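What follows is one structure encoded as structure tokens, with my remarks underneath.
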Amino acid sequence: MDLQALLAGIEPIVRRAGAYIRTAVPSSVDEKSNHSDLVTEYDVNTQRMLMSDLAALHPEANFMGEEEHLEADIRTGDCFVIDPIDGTTNFVKGFNRSCISVALLRNGQPAAGVVYNPWNDEYYSALKGQGALLNGTPIRVQNTPLKDSVVGCGTCPYYPDLAQKTLRVCSVILNTALDIRRMGSAALDLCDAAMSRTGAFFELKLSPWDYAAAGLILTEAGGEITDTEGNPVSLSHPSPVVAGNPIARKELEEIIRNTK
Ligand code: IPD
Ligand code: CA
Ligand code: CA
């Protein structure tokens, strides 16, 4: 299926899901892998809604998603990678900073990506090789070094063993950069890097549905996303993420590598 047509078809589907969660009042909140790993009825319902609409748009595509153990072999063909609500803790606590994230992988590589925050109506989209857009307007990163940047971080709330390392890295960044932000969701944090609101972002372990779409948006805006060794992030398994404009990302990668 033609990617431009697919991207156009995804927009009303994602906006409909956004309208659904924007007016939601979560009532049942359950825990998944640990006490911080929350899931609501809206996470599950939104994934089902997205899957049903996206399957009607592109019947040949497979699905990988955060909820209900939705796994797929991504190596061949087309596969949607969905995070129905990225930023569930923000959603439950009323921070109005969560999003719907949908990527399309073609033969294992990101081909299209959409991230939508329904609370401020920021709709990010990208097609491989064709740049990134915010609400239809092209976006491009600025090459600001770390010392002149705000740095985004994620705290790996579902992996408590990574807390101390995360804090040690943050302590170095606080002495290097302008300041730190920990806002979540990871997809929106990556889009903030694409907008150069932050110069760089890191989180020591994320899942492919957190970064599949936003990673493409960032790279199409001229940024980079790698693991802590500077290698491409995995799209089939969890990975550390170091992202941002090329200069700040590289500086951040070195800080993380040199922080024991
Ligand atoms: C989480 C959010 C959060 C990040 C976590 C993610 P979820 O996703 O992106 O900002 O720190 O590592 O797992 O569980 O809200 O979809
Ligand atoms: Ca997520
Ligand atoms: Ca989620």
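Simple scheme: letters A, B, ... for chains in structure tokens order, numbers from 1 for residues in each chain, numbers from 1 for ligands in the order shown.
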**OP:** If you run DSSP over the backbone, which residues in stretch 174-236 of chain A end up helix (DSSP H, G or I)? Put them as a PyMOL selection string.
**Re:** chain A and resi 174+186-194+208-220
Env of A:Arg16: 10 Å cut, atoms = only C-alpha atoms, seq-sep filter 6 positions within chain, self excluded. Answer as a JSON list (two decimals) with C-alpha atoms, in the first residue's frame.
[["chain", "number", "residue", "atom", "x", "y", "z"],
["A", 22, "ARG", "CA", -9.24, 13.14, 25.94],
["A", 46, "THR", "CA", -7.94, 2.31, 22.60],
["A", 49, "MET", "CA", -10.18, 0.56, 18.53],
["A", 50, "LEU", "CA", -6.93, 1.39, 16.72],
["A", 53, "ASP", "CA", -9.68, 0.75, 12.27],
["A", 118, "PRO", "CA", -5.00, 15.12, 22.06]]
Determine, using only C-alpha atoms and all ligand atoms, which residues of chain A have any atom at most 6 Å from an atom of ligand 2, and tabulate each with its shortest atom pair and distance in Å to one decimal place, rows ordered by chain and then rising number, as JSON lines.
{"residue": "A:Asp83", "atom": "CA", "partner": "ligand 2", "partner_atom_place_in_ligand_line": "1 (Ca)", "distance": 5.8}
{"residue": "A:Asp86", "atom": "CA", "partner": "ligand 2", "partner_atom_place_in_ligand_line": "1 (Ca)", "distance": 4.0}
{"residue": "A:Asp210", "atom": "CA", "partner": "ligand 2", "partner_atom_place_in_ligand_line": "1 (Ca)", "distance": 4.5}
**OP:** Return as number ranges by chain the residues of protein, DNA or RNA that approach ligand 3 to within 10 Å, with only C-alpha atoms and all ligand atoms taken into account.
**Re:** A: 37-40, 43-44, 47, 65-67, 82-89, 98-101, 185-186, 207, 209-210
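Between atom 11 (O, counted along the ligand's line) of ligand 1 and atom CA of A:Arg75 lies a distance of 26.7 Å.
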**OP:** Would you kindly return, as number ranges by chain, each protein, DNA or RNA residue with an atom no farther than 8 Å from any atom of A:Ala212, considering only C-alpha atoms and excluding same-chain residues fewer than 5 positions away?
**Re:** A: 81, 102-103, 110, 113, 235
**OP:** Name the residues in contact with stretch 237-240 of chain A at a cut-off of 6 Å, using only C-alpha atoms, excluding same-chain residues fewer than 2 positions from it; report them as an MDAnalysis selection string.
**Re:** chainID A and resid 204:207 227 234:235
Original post:
Can you tell me how far atom CA of A:Thr166 sits from atom CA of A:Gly223, in Å to one decimal?
Top reply: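 Answer for the atom CA of A:Thr166 to atom CA of A:Gly223 separation: 22.3 Å.
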Original post:
What are the DSSP strand (DSSP E) residues of stretch 9-257 of chain A, as a PyMOL selection string?
Top reply: chain A and resi 29-31+38-40+62-65+78-86+99-106+109-117+122-127+132-134+137-139+150-153+179-181+200-206+224-226+239-244
Original post:
Counting only C-alpha atoms, what is within 10 Å of A:Thr144, bar same-chain residues fewer than 6 positions away, as a list in words?
Top reply: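 Final neighbour list, sorted by chain and number: Val150, Ser196, Thr198, Gly199, Ala200, Gly244, Asn245, Pro246, Ile247, Ala248 and Arg249 of chain A.
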Subject >> Nearest candidate to A:Ala132 (options A:Ala187, A:Ala112, A:Leu167, A:Ile256; using only C-alpha atoms) >> reply: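 Checking each of A:Ala187, A:Ala112, A:Leu167, A:Ile256 against A:Ala132, counting only C-alpha atoms, the winner is A:Ala112.
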Original post:
Please, what distance in Å, to one decimal, runs between atom CA of A:Ala24 and atom CA of A:Ala194?
Top reply: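 Those two atoms sit 28.3 Å apart.
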Original post:
Nearest to A:Ala214 among A:Ser125, A:Ser27, A:Thr155, A:Asn143, with distances taken over only C-alpha atoms: which residue is it?
Top reply: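 Between A:Ser125, A:Ser27, A:Thr155, A:Asn143, the residue approaching A:Ala214 most closely is A:Ser125.
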